[in-house]
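A short worksheet on the structure shown next.
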Amino acid sequence: MLFPLRKSIEEGPRARNKSVGMSPFHLSSAVGVTTFHDEQQRMIEALVAGRDALMIVRTGFGKTAVFQAAGLAIGGVTVVVYPLRALIADQLDRFQRLGIPARPWNSDCSNQSKDETVHLLRSGYQGFILTTPESLDIGGELAALLRGRVNLVAIDEVHYVEQAGRWRHAYHTLGTRIRNLEPRNVFACTATLLRADEPLMIRAVGLRDPFIVRMPIARENLRIQIASRSPDHLIELLRRHRGQAGMVFFATTAGVDRMYSRLRNAGWKVARYHGTKMGVAVKREQQAGFMAGMYPVMLATNAFGLGIDKADVRWCAHYDPPATISEWVQEFGRCGRDGAPAAVYGLFCNAQDGIRARKFLIESEYPPLRLLKCVWMFLLGEVGGFRGTAGQLLNAAVRATGDRTLENAGSASSVAGWLKRKHLLETQRADDTGFHRLIYRACGDIETVNWADLEQKRGQALARFQDLLALAKLPETAIAGAISAYFGDDVEDSTEIRR
């Protein structure tokens with residue numbers, strides 16, 4: 001039984017504001033649910049009492065309702081950290097439908113929107129701030145406004161700390177960014193976290209003596225099938241699920257665009273979404289059209305999908321294999337959130353092109369040391385720094401060496417990310433308004449840096465990709481059980497709660 005949330009938060013070094021005094025019944029109604037599951041109730045209790053917490057529960061179980069309810073019960077400002085701007089747009093709509101005060105803050109926000117948020121925060125705003133790790137930059141405006149005023153930080157899709165930390169520097173330093181806000185307590189949640197990675201995750205985001213809830217990952221309403229990869233077979237799936245909401249994932253933006261053109265030319269009504277070369281307005285229109293059912297099928301990279309709150313997705317296909325079993329589970333977890341049967345297709349048979357594309361992307365996230373040295377040495381010779389995008393920097397450095405073997409040896413974002421992670425690169429915003437234009441400067445001494453973790457992580461990433469390919473070769477009836485075993489779950493086990 002959930003304890004009365006009308007009770008004030010206990011005083012202590014981590015106490016700040018009092019509870020806003022909502023009863024459990026009104027609290028569940030406020031976040032759009034009839035009642036809380038036992039696991040949700042216990043987690044809300046822990047958060048209201050001032051505990052840090054970690055929740056690992058299957059997709060669709062209601063992680064969002066937990067931090068919404070806890071934030072409302074505690075009062076004051078709650079900061080929610082999301083990995084994707086698409087996810088913020090989707091979740092903002094959910095907050096607004098429920099009448100919960102929420103403000104977005106990310107690179108998609110207009111200056112007017114940010115000015116309004118600044119005014120509200122300076123005027124004593126109480127509610128939710130939906131943001132990204134990058135926007136919590138320690139020297140940034142948002143962090144300065146929030147420091148010392150945050151009661152709860154919720155990290156949604158916390159597995160991104162490991163999966164995206166390799167190429168998004170902000171995730172590597174997320175724990176530091178959160179501690180800089182001086183929050184009362186921190187809540188982290190995800191649907192996919194290996195038991196072996198749990199202690200690493202707790203340390204990475206700085207959870208203190210966390211209350212932990214872990215539930216088995218299996219979902220009986222999903223039927224997983226391994227099938228062949230071809231445009232004709234994808235069209236067959238579209239016919240099979242005509243009129244049903246579906247999602248198809250690709251490894252690259254080029255793959256999305258090629259299939260989008262092919263299907264649209266063939267008369268299929270599909271949407272597309274990826275993180276590059278699509279304007280904000282176009283992405284919002286495509287996402288809104290899919291959510292409203294105007295476009296039954298979404299073609300996307302992994303820039304779309306996490307946390308998208310569309311309950312009636314009946315099928316999901318991966319045209320290219322994802323990088324890990326965890327990513328596969330996260331993405332096909334969009335299916336069947338309403339509990340009705342849904343189909344999951346791994347189009348991994350005869351998928352050598354897709355396998356090569358994914359392996360190339362994995363390796364490019366862990367660039368060779370000679371490429372990192374190439375960029376660093378180039379920057380040493382740039383008086384006043386290099387002004388431009390990360391891609392322009394990488395291209396200029398490679399051209400300066402004349403070494404064609406360095407072309408495509410690593411992605412621009414991963415090169416910049418690793419140099420920054422090792423304190424070999426400093427950046428500042430350029431004066432002009434160019435998209436993603438920065439001033440890059442070399443710092444430190446690359447010859448004194450230990451790169452053992454780069455080699456270790458590259459090997460681990462490739463090994464986890466091989467785990468996925470091996471899983472796809474199992475009999476279909478064995479795949480669900482193998483996924484549970486991979487995450488350390490026994491399908492017979494009940495929920496695990498650690499106080």
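Chain lettering (A, B, ...) mirrors the order of the structure tokens, residue numbering begins at 1 for each chain separately, and ligand numbering begins at 1 in order of display.
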
Give me, as an mmCIF file with C-alpha atoms, in the first residue's frame, all polymer residues having an atom no more than 6 Å from range 334-350 of chain A, counting only C-alpha atoms and skipping those fewer than 6 positions away in the same chain.
```
data_model
loop_
_atom_site.group_PDB
_atom_site.id
_atom_site.type_symbol
_atom_site.label_atom_id
_atom_site.label_comp_id
_atom_site.auth_asym_id
_atom_site.auth_seq_id
_atom_site.Cartn_x
_atom_site.Cartn_y
_atom_site.Cartn_z
ATOM 1 C CA GLY A 60 5.381 -0.261 -21.526
ATOM 2 C CA ASN A 221 2.548 -10.861 -26.539
ATOM 3 C CA LEU A 222 5.510 -10.453 -28.919
ATOM 4 C CA ARG A 223 6.259 -13.100 -31.549
ATOM 5 C CA ILE A 224 9.859 -12.891 -32.766
ATOM 6 C CA GLN A 225 10.633 -14.144 -36.281
ATOM 7 C CA ILE A 226 13.900 -14.223 -38.240
ATOM 8 C CA ALA A 227 13.388 -13.662 -41.955
ATOM 9 C CA SER A 228 15.251 -12.723 -45.137
ATOM 10 C CA ARG A 229 16.368 -9.200 -45.995
ATOM 11 C CA ALA A 311 0.281 1.779 -27.965
ATOM 12 C CA VAL A 313 2.185 -0.570 -33.054
ATOM 13 C CA ARG A 314 1.468 -4.056 -34.357
ATOM 14 C CA TRP A 315 4.768 -4.887 -36.042
ATOM 15 C CA CYS A 316 8.414 -3.926 -36.176
ATOM 16 C CA ALA A 317 11.141 -4.978 -38.612
ATOM 17 C CA HIS A 318 14.889 -4.436 -38.580
ATOM 18 C CA TYR A 319 16.082 -4.181 -42.164
#
```

Q) Quick one: residues within 6 Å of range 37-53 of chain A, only C-alpha atoms counted, chain neighbours fewer than 5 positions away excluded, as a ChimeraX atom specification? A) /A:2,70,74,185-187,207-208,210-212

Write a file of the selected residues as a PDB file, in the first residue's frame, keeping N, CA and C atoms.
```pdb
ATOM      1  N   LEU A   2       0.632   2.149  -0.912  1.00  0.00           N
ATOM      2  CA  LEU A   2       1.423   3.368  -0.997  1.00  0.00           C
ATOM      3  C   LEU A   2       1.164   4.238   0.224  1.00  0.00           C
ATOM      4  N   ALA A  70       6.276  10.957  -8.866  1.00  0.00           N
ATOM      5  CA  ALA A  70       7.222  11.365  -7.826  1.00  0.00           C
ATOM      6  C   ALA A  70       7.493  12.865  -7.899  1.00  0.00           C
ATOM      7  N   ILE A  74       6.670  15.368  -4.822  1.00  0.00           N
ATOM      8  CA  ILE A  74       7.744  16.092  -4.142  1.00  0.00           C
ATOM      9  C   ILE A  74       7.579  17.591  -4.325  1.00  0.00           C
ATOM     10  N   ASN A 185      17.439  14.199  -5.147  1.00  0.00           N
ATOM     11  CA  ASN A 185      17.708  12.795  -5.448  1.00  0.00           C
ATOM     12  C   ASN A 185      17.563  12.531  -6.936  1.00  0.00           C
ATOM     13  N   VAL A 186      18.033  11.331  -7.358  1.00  0.00           N
ATOM     14  CA  VAL A 186      18.150  10.986  -8.778  1.00  0.00           C
ATOM     15  C   VAL A 186      17.476   9.643  -9.026  1.00  0.00           C
ATOM     16  N   PHE A 187      16.719   9.583 -10.114  1.00  0.00           N
ATOM     17  CA  PHE A 187      16.027   8.363 -10.536  1.00  0.00           C
ATOM     18  C   PHE A 187      16.495   8.009 -11.939  1.00  0.00           C
ATOM     19  N   LEU A 207      24.523   7.362  -8.603  1.00  0.00           N
ATOM     20  CA  LEU A 207      23.422   7.015  -7.696  1.00  0.00           C
ATOM     21  C   LEU A 207      23.991   6.648  -6.332  1.00  0.00           C
ATOM     22  N   ARG A 208      23.367   7.148  -5.268  1.00  0.00           N
ATOM     23  CA  ARG A 208      23.845   6.900  -3.906  1.00  0.00           C
ATOM     24  C   ARG A 208      22.912   5.931  -3.200  1.00  0.00           C
ATOM     25  N   PRO A 210      21.185   3.267  -4.071  1.00  0.00           N
ATOM     26  CA  PRO A 210      19.876   3.328  -4.743  1.00  0.00           C
ATOM     27  C   PRO A 210      18.936   2.207  -4.336  1.00  0.00           C
ATOM     28  N   PHE A 211      17.666   2.542  -4.310  1.00  0.00           N
ATOM     29  CA  PHE A 211      16.582   1.569  -4.226  1.00  0.00           C
ATOM     30  C   PHE A 211      16.412   1.008  -5.634  1.00  0.00           C
ATOM     31  N   ILE A 212      16.409  -0.323  -5.775  1.00  0.00           N
ATOM     32  CA  ILE A 212      16.439  -0.942  -7.105  1.00  0.00           C
ATOM     33  C   ILE A 212      15.241  -1.862  -7.304  1.00  0.00           C
TER      34      ILE A 212
END
```

(Q) To test your reading of the structure, identify every residue in range 202-272 of chain A that backbone DSSP assigns to helix (DSSP H, G or I), and report it as an NGL selection string. (A) :A and (202-205 or 231-240 or 253-265)

Q | Pick from A:Asp156, A:Asp137, A:Glu285, A:Asp320 nearest to Thr190 in chain A, counting only C-alpha atoms | A | A:Asp156

Q: Would you kindly return, as an NGL selection string, each protein, DNA or RNA residue with an atom no farther than 12 Å from any atom of Ile483 in chain A, considering only C-alpha atoms and excluding same-chain residues fewer than 2 positions away?
A: :A and (192-194 or 216-219 or 224 or 324-330 or 467-468 or 470-472 or 474 or 476-481 or 485-491)
